[in-house]
Amino acid sequence: MKCIITIELGTNAVRIFAFDLNGSVIGKLQGYYPTFHSQPDYSEQDPDQIFITMLYVLKNLLNEKIHPKKYKVASVCFSSSMHSMLAVDKNGIPLGNAFTWADNRAKKEAIDAQKTALADSLHNSTGTPLHPMSPMLKIAWMKNNDTQNFKLADKFLSIKSYVIHQLTGEYMIDYSLACATGMLNIHKIDWDGQALAFAGITREKLPQLVPVFANAGNLKKSYQNSLGLNGETKILIGSSDGCMATLGAGIWKTDKATITVEDSSAVRVVGNKMLHDEKNRVFNYLITENFFVSGGPSNSGGGIFEWFAKQFGDFTAAYDTESCMNSLLQEAAKVKTGSEGLLFLPYLLGERAPIWNPDARGMYFGINIKHERQHFIRATIEGIFYEIYSIGKMLNEHRSISALSVNGSFATIPFCSQIIADMFNKPVHVTKNANSVSMGAFLLAATEMGVIKSLDDAASRTEIAQSYSPNENNHHSYMKYFEIFESLTNKLGDEFAKIAELQ
Amino acid sequence: MNQFELIYGKSEELRLFPHIIEFGMVKNSSIGQNKLPKSSANGVKFFYVSEGKFQWDIHNSKYTLYPGDLAVILPGQEFGSCHDVLEIGSFTWIHIHAQQRGMEEIALDAWSSLSENELLLISKILLLNSPLVIANFNDGGKILKCIQQELFGQEVGHYTRVNNQIDELFILIARQLTRQTNPGRDFSKIFMKLEEALRRDLSHQWTVEEMAALVGLGTTLFNNKVKSYSGFSPLNYLINIRISEAIKLLKKKDVSITDIALDIGFYSSQHFSTTFKKLIGYTPREYRKNNSYNE
């Protein structure tokens, strides 16, 4: 019996799933790795720790679930979080830690780039917004601020490229993850000269560009031995977590959008053309020559609610944020739609789409003497989803959306899924496999093997577990509040900048 | 309550207690110059403030202490009042003979009934949190009061009770520190703290009990929490960090494999080699050979 293994190198953990060829999960394990914040705006991870954690978890999964049942591993397909950047020297040894997507040290480089005439032309050719998360800007930061390592650097990798290099000795990056570097010209499917010039590097400093279906080389003999795999197991380069979540959510038709809400969130659509947003607010990631995943990411999401729970939740049962969050959700459900006039702006971490303002900050607006604790709970949750709605609204300027698929731990809480349905006034579907990133990677690998005909076919295979219908009345009251939400956000630009300066 | 000052070798009350270098209480009614000049401790000193407000310099950090606060000065650390001025107020202090062995161990003499392991753990917690001031630590005040009564009362069993109280002081401080630094709500923060402590002292032969105590949790709860948070048991998580460090160090030519093994906490190069090979497929020696470079 053959099986497919998917490895997601996520923000905080590696998640490894094993699927049989019908797409049923036959095993899963995950392992955590830490993020270090040695200075404000710095967000780093140890690439070797990520590699070892991945190897350890993979080995345990194989020994516990795969080898005892005599499964033959046909392929191992990778996905990872986007925008990470790791410089290595000519021997492939890391020059310090990897910068994660959340690393904001390239703020100045981002502002400088936005001021130049280059901004529009870069967005047109690379399809990605100019934001400190972009590896192009991170490399530019290194050039300007860490000259020594910049000079020593032989390659600028993503974490996934580093891990694959450990396993096979190849330096590779797939198109979709390459899009997230801000340096891929998505029309020519090649590194963009202007972007490379801005970063201060030549193409030799980047890994080889390959399609998402590419074989990433052969597993080194030593790892074949320790993992109990043979040379026949294919190592597939795979894609990014965002693109895989979209594929795994079954969103492959142009009239649908997928909403992912974990700690942070994204709203995405798929199409065969990139979205040209005149304000450069959307990202466009290429999966294959015919498909673009476009959308907007948000810093708001479950992380904001977790902040609220930690500050104001009831912690009589110690150490358990989860049960505390559940009881808060129950309290929130007692309050009417719209929290009786209490509104929350969720920009505690600054915001990406659609406003792209790292200085944005949170606020409660409209507090009156009758508001109680539970109003604040509900308002906090609603505020997070108004923000997500605003990304949907932005995408609606380019595509008409008739249905939504939601995934991610926060969005799939029934209370939250219903809020999404009501705000968007569209039916919401939750897919059967809660982990749509892994599902997407499975579908990619199965397509590569020929088990599934095409990615179109693959996307249509996802099964729906639960659906939510919109409530028209709730929609109308949400829209009244959203109007205020939007105008507050727009009006507060100067005040955001001033308060952020003071913090 | 009146001021007093007992000094071993001078005061009859301390005749049985060579480990108590000094014990006293100061009631300062006027601001005075040079009453508490900076000095370095050759044992562990505890200062408990009962009245007033004091600005003290502990190991080059400035602290303001209010009634109920306890400062702990570890061997070799400097302590004294800021600007050489002693403010109005009162405090009790005790100076216990102790030595710091290596980076992580504070050794007490035979009078203490703390077990070797527990004392090691308490030392670790103290050193990890130093320089340290514990706010609102009334229990500390009670213990010092009790020691005072025992020393002056000289009733039967007072030798044992005084020593037990000093042990008790060490235990309560360690417990308070682990609780204080853990808000209890946020396991991710607790875990990060653990990660830092492990990395800072990777060569130590950590036990699960030590790790649990370090973050102020019972062993069973700690095990479950770590497992559900990280996907690994505490010891496997530690192996994870060790091997990650190993592959970094093996790429540097100048460190011997035995040194690497000991540096990252394996008790022998054999133990290192087996664990490494299980995961990587090569022994450390083979791995180095395959990843060695000329420059």
# chains A, B, ... in the order shown; residues from 1 in each chain; ligands from 1
$ residues_around --residues "segment 260-264 of chain A" --least-positions-apart "5" --cutoff "6 Å" --atoms "only C-alpha atoms" --output "PyMOL selection string"
chain A and resi 298-303+406-411
$ residues_around --residues "Thr219 of chain B" --least-positions-apart "5" --cutoff "12 Å" --atoms "only C-alpha atoms" --output "list in words"
Thr207, Val208, Glu209, Glu210, Met211, Ala212, Ala213, Leu214, Asn224, Lys225, Val226, Ser233 and Pro234 of chain B
$ select_by_dssp --residues "segment 14-159 of chain A" --states "strand (DSSP E)" --output "PDB file with N, CA and C atoms, in the first residue's frame"
ATOM      1  N   VAL A  14       5.976  22.262  13.148  1.00  0.00           N
ATOM      2  CA  VAL A  14       5.940  21.453  11.943  1.00  0.00           C
ATOM      3  C   VAL A  14       4.775  20.479  12.100  1.00  0.00           C
ATOM      4  N   ARG A  15       3.925  20.394  11.078  1.00  0.00           N
ATOM      5  CA  ARG A  15       2.797  19.465  11.122  1.00  0.00           C
ATOM      6  C   ARG A  15       2.968  18.444  10.012  1.00  0.00           C
ATOM      7  N   ILE A  16       3.027  17.179  10.400  1.00  0.00           N
ATOM      8  CA  ILE A  16       3.244  16.134   9.412  1.00  0.00           C
ATOM      9  C   ILE A  16       2.033  15.211   9.379  1.00  0.00           C
ATOM     10  N   PHE A  17       1.502  14.997   8.189  1.00  0.00           N
ATOM     11  CA  PHE A  17       0.343  14.125   7.996  1.00  0.00           C
ATOM     12  C   PHE A  17       0.736  13.000   7.054  1.00  0.00           C
ATOM     13  N   ALA A  18       0.123  11.833   7.273  1.00  0.00           N
ATOM     14  CA  ALA A  18       0.257  10.751   6.305  1.00  0.00           C
ATOM     15  C   ALA A  18      -1.138  10.437   5.775  1.00  0.00           C
ATOM     16  N   PHE A  19      -1.251  10.334   4.450  1.00  0.00           N
ATOM     17  CA  PHE A  19      -2.531  10.046   3.813  1.00  0.00           C
ATOM     18  C   PHE A  19      -2.407   8.751   3.011  1.00  0.00           C
ATOM     19  N   ASP A  20      -3.493   7.972   2.944  1.00  0.00           N
ATOM     20  CA  ASP A  20      -3.498   6.913   1.940  1.00  0.00           C
ATOM     21  C   ASP A  20      -3.899   7.554   0.617  1.00  0.00           C
ATOM     22  N   VAL A  25      -6.666  10.363   6.263  1.00  0.00           N
ATOM     23  CA  VAL A  25      -5.504  10.573   7.133  1.00  0.00           C
ATOM     24  C   VAL A  25      -5.190   9.272   7.865  1.00  0.00           C
ATOM     25  N   ILE A  26      -3.967   8.767   7.725  1.00  0.00           N
ATOM     26  CA  ILE A  26      -3.613   7.548   8.456  1.00  0.00           C
ATOM     27  C   ILE A  26      -2.658   7.835   9.623  1.00  0.00           C
ATOM     28  N   GLY A  27      -2.243   9.058   9.739  1.00  0.00           N
ATOM     29  CA  GLY A  27      -1.423   9.407  10.891  1.00  0.00           C
ATOM     30  C   GLY A  27      -1.068  10.878  10.842  1.00  0.00           C
ATOM     31  N   LYS A  28      -0.895  11.479  12.007  1.00  0.00           N
ATOM     32  CA  LYS A  28      -0.422  12.867  12.041  1.00  0.00           C
ATOM     33  C   LYS A  28       0.309  13.125  13.337  1.00  0.00           C
ATOM     34  N   LEU A  29       1.305  13.984  13.263  1.00  0.00           N
ATOM     35  CA  LEU A  29       2.074  14.370  14.454  1.00  0.00           C
ATOM     36  C   LEU A  29       2.560  15.784  14.236  1.00  0.00           C
ATOM     37  N   GLN A  30       2.771  16.494  15.343  1.00  0.00           N
ATOM     38  CA  GLN A  30       3.379  17.806  15.166  1.00  0.00           C
ATOM     39  C   GLN A  30       4.417  18.094  16.221  1.00  0.00           C
ATOM     40  N   GLY A  31       5.295  19.006  15.929  1.00  0.00           N
ATOM     41  CA  GLY A  31       6.333  19.380  16.886  1.00  0.00           C
ATOM     42  C   GLY A  31       6.536  20.884  16.842  1.00  0.00           C
ATOM     43  N   TYR A  32       6.673  21.452  18.042  1.00  0.00           N
ATOM     44  CA  TYR A  32       6.777  22.907  18.170  1.00  0.00           C
ATOM     45  C   TYR A  32       8.227  23.366  18.066  1.00  0.00           C
ATOM     46  N   GLU A  44      12.815  35.739  14.904  1.00  0.00           N
ATOM     47  CA  GLU A  44      13.778  34.810  14.307  1.00  0.00           C
ATOM     48  C   GLU A  44      13.522  33.381  14.737  1.00  0.00           C
ATOM     49  N   GLN A  45      13.955  32.453  13.907  1.00  0.00           N
ATOM     50  CA  GLN A  45      13.922  31.044  14.278  1.00  0.00           C
ATOM     51  C   GLN A  45      15.253  30.394  13.938  1.00  0.00           C
ATOM     52  N   LYS A  72       4.176   1.954   1.930  1.00  0.00           N
ATOM     53  CA  LYS A  72       5.319   2.397   1.156  1.00  0.00           C
ATOM     54  C   LYS A  72       5.139   3.895   0.893  1.00  0.00           C
ATOM     55  N   VAL A  73       6.107   4.707   1.299  1.00  0.00           N
ATOM     56  CA  VAL A  73       5.948   6.154   1.146  1.00  0.00           C
ATOM     57  C   VAL A  73       6.270   6.540  -0.298  1.00  0.00           C
ATOM     58  N   ALA A  74       5.239   6.908  -1.062  1.00  0.00           N
ATOM     59  CA  ALA A  74       5.447   7.258  -2.466  1.00  0.00           C
ATOM     60  C   ALA A  74       6.093   8.629  -2.582  1.00  0.00           C
ATOM     61  N   SER A  75       5.566   9.596  -1.829  1.00  0.00           N
ATOM     62  CA  SER A  75       6.213  10.901  -1.876  1.00  0.00           C
ATOM     63  C   SER A  75       6.033  11.672  -0.585  1.00  0.00           C
ATOM     64  N   VAL A  76       6.962  12.600  -0.389  1.00  0.00           N
ATOM     65  CA  VAL A  76       6.916  13.503   0.754  1.00  0.00           C
ATOM     66  C   VAL A  76       6.797  14.896   0.155  1.00  0.00           C
ATOM     67  N   CYS A  77       5.693  15.604   0.480  1.00  0.00           N
ATOM     68  CA  CYS A  77       5.433  16.897  -0.158  1.00  0.00           C
ATOM     69  C   CYS A  77       5.504  18.016   0.881  1.00  0.00           C
ATOM     70  N   PHE A  78       6.278  19.052   0.577  1.00  0.00           N
ATOM     71  CA  PHE A  78       6.505  20.130   1.534  1.00  0.00           C
ATOM     72  C   PHE A  78       5.592  21.340   1.313  1.00  0.00           C
ATOM     73  N   SER A  79       5.286  22.012   2.425  1.00  0.00           N
ATOM     74  CA  SER A  79       4.723  23.361   2.319  1.00  0.00           C
ATOM     75  C   SER A  79       5.307  24.135   3.487  1.00  0.00           C
ATOM     76  N   SER A  80       5.272  25.460   3.412  1.00  0.00           N
ATOM     77  CA  SER A  80       5.830  26.217   4.531  1.00  0.00           C
ATOM     78  C   SER A  80       5.214  27.596   4.582  1.00  0.00           C
ATOM     79  N   LEU A  86      16.722  33.344   5.079  1.00  0.00           N
ATOM     80  CA  LEU A  86      17.902  32.837   5.779  1.00  0.00           C
ATOM     81  C   LEU A  86      19.099  32.950   4.853  1.00  0.00           C
ATOM     82  N   ALA A  87      20.145  33.617   5.332  1.00  0.00           N
ATOM     83  CA  ALA A  87      21.378  33.707   4.544  1.00  0.00           C
ATOM     84  C   ALA A  87      22.302  32.571   4.955  1.00  0.00           C
ATOM     85  N   VAL A  88      22.912  31.906   3.973  1.00  0.00           N
ATOM     86  CA  VAL A  88      23.902  30.863   4.275  1.00  0.00           C
ATOM     87  C   VAL A  88      25.199  31.189   3.542  1.00  0.00           C
ATOM     88  N   ALA A  98      17.081  32.440  10.966  1.00  0.00           N
ATOM     89  CA  ALA A  98      16.194  32.830   9.870  1.00  0.00           C
ATOM     90  C   ALA A  98      15.272  33.940  10.346  1.00  0.00           C
ATOM     91  N   PHE A  99      14.961  34.894   9.462  1.00  0.00           N
ATOM     92  CA  PHE A  99      13.957  35.924   9.753  1.00  0.00           C
ATOM     93  C   PHE A  99      12.591  35.316   9.397  1.00  0.00           C
ATOM     94  N   LYS A 155      24.001  32.341  -0.484  1.00  0.00           N
ATOM     95  CA  LYS A 155      22.623  32.133  -0.915  1.00  0.00           C
ATOM     96  C   LYS A 155      21.669  32.755   0.100  1.00  0.00           C
ATOM     97  N   PHE A 156      20.558  33.279  -0.409  1.00  0.00           N
ATOM     98  CA  PHE A 156      19.470  33.741   0.438  1.00  0.00           C
ATOM     99  C   PHE A 156      18.310  32.774   0.243  1.00  0.00           C
ATOM    100  N   LEU A 157      17.974  32.048   1.306  1.00  0.00           N
ATOM    101  CA  LEU A 157      17.017  30.952   1.186  1.00  0.00           C
ATOM    102  C   LEU A 157      15.734  31.246   1.946  1.00  0.00           C
TER     103      LEU A 157
END
$ residues_around --residues "Met192 of chain B" --least-positions-apart "6" --cutoff "10 Å" --atoms "only C-alpha atoms" --output "list in words"
Tyr33, Pro34, Thr35 and Phe36 of chain A; Leu198 of chain B
$ atom_distance --atom1 "atom CA of Gly313 of chain A" --atom2 "atom CA of Ala333 of chain A"
15.3 Å
$ interface_residues --of "chain A" --to "chain B" --cutoff "9 Å" --atoms "only C-alpha atoms" --output "JSON, numbers by chain"
{"A": [13, 29, 30, 31, 32, 33, 34, 35, 36, 46, 47, 48, 49, 50, 51, 52, 53, 55, 56, 57, 59, 91, 93, 94, 221, 222, 223, 224, 225, 226, 227, 310, 315, 318, 319, 320, 321]}
$ atom_distance --atom1 "atom CA of Phe424 of chain A" --atom2 "atom CA of His123 of chain A"
28.1 Å
$ residues_around --residues "Asn284 of chain A" --least-positions-apart "6" --cutoff "8 Å" --atoms "only C-alpha atoms" --output "ChimeraX atom specification"
/A:126-128,179,274-275,292-295
$ closest_residue --among "A:Met1, A:Ile367, A:Met244, A:Leu62" --to "Leu286 of chain A" --atoms "only C-alpha atoms"
A:Met244
$ select_by_dssp --residues "segment 62-197 of chain B" --states "alpha helix (DSSP H)" --output "ChimeraX atom specification"
/B:116-129,138-153,158-181,187-197
$ closest_residue --among "A:Gly182, A:Gly231, A:Pro68, A:Gly10" --to "Thr168 of chain A" --atoms "only C-alpha atoms"
A:Gly231
$ closest_residue --among "A:Ile235, A:Ile139, A:Asn425, A:Ala379" --to "His165 of chain A" --atoms "only C-alpha atoms"
A:Ile235
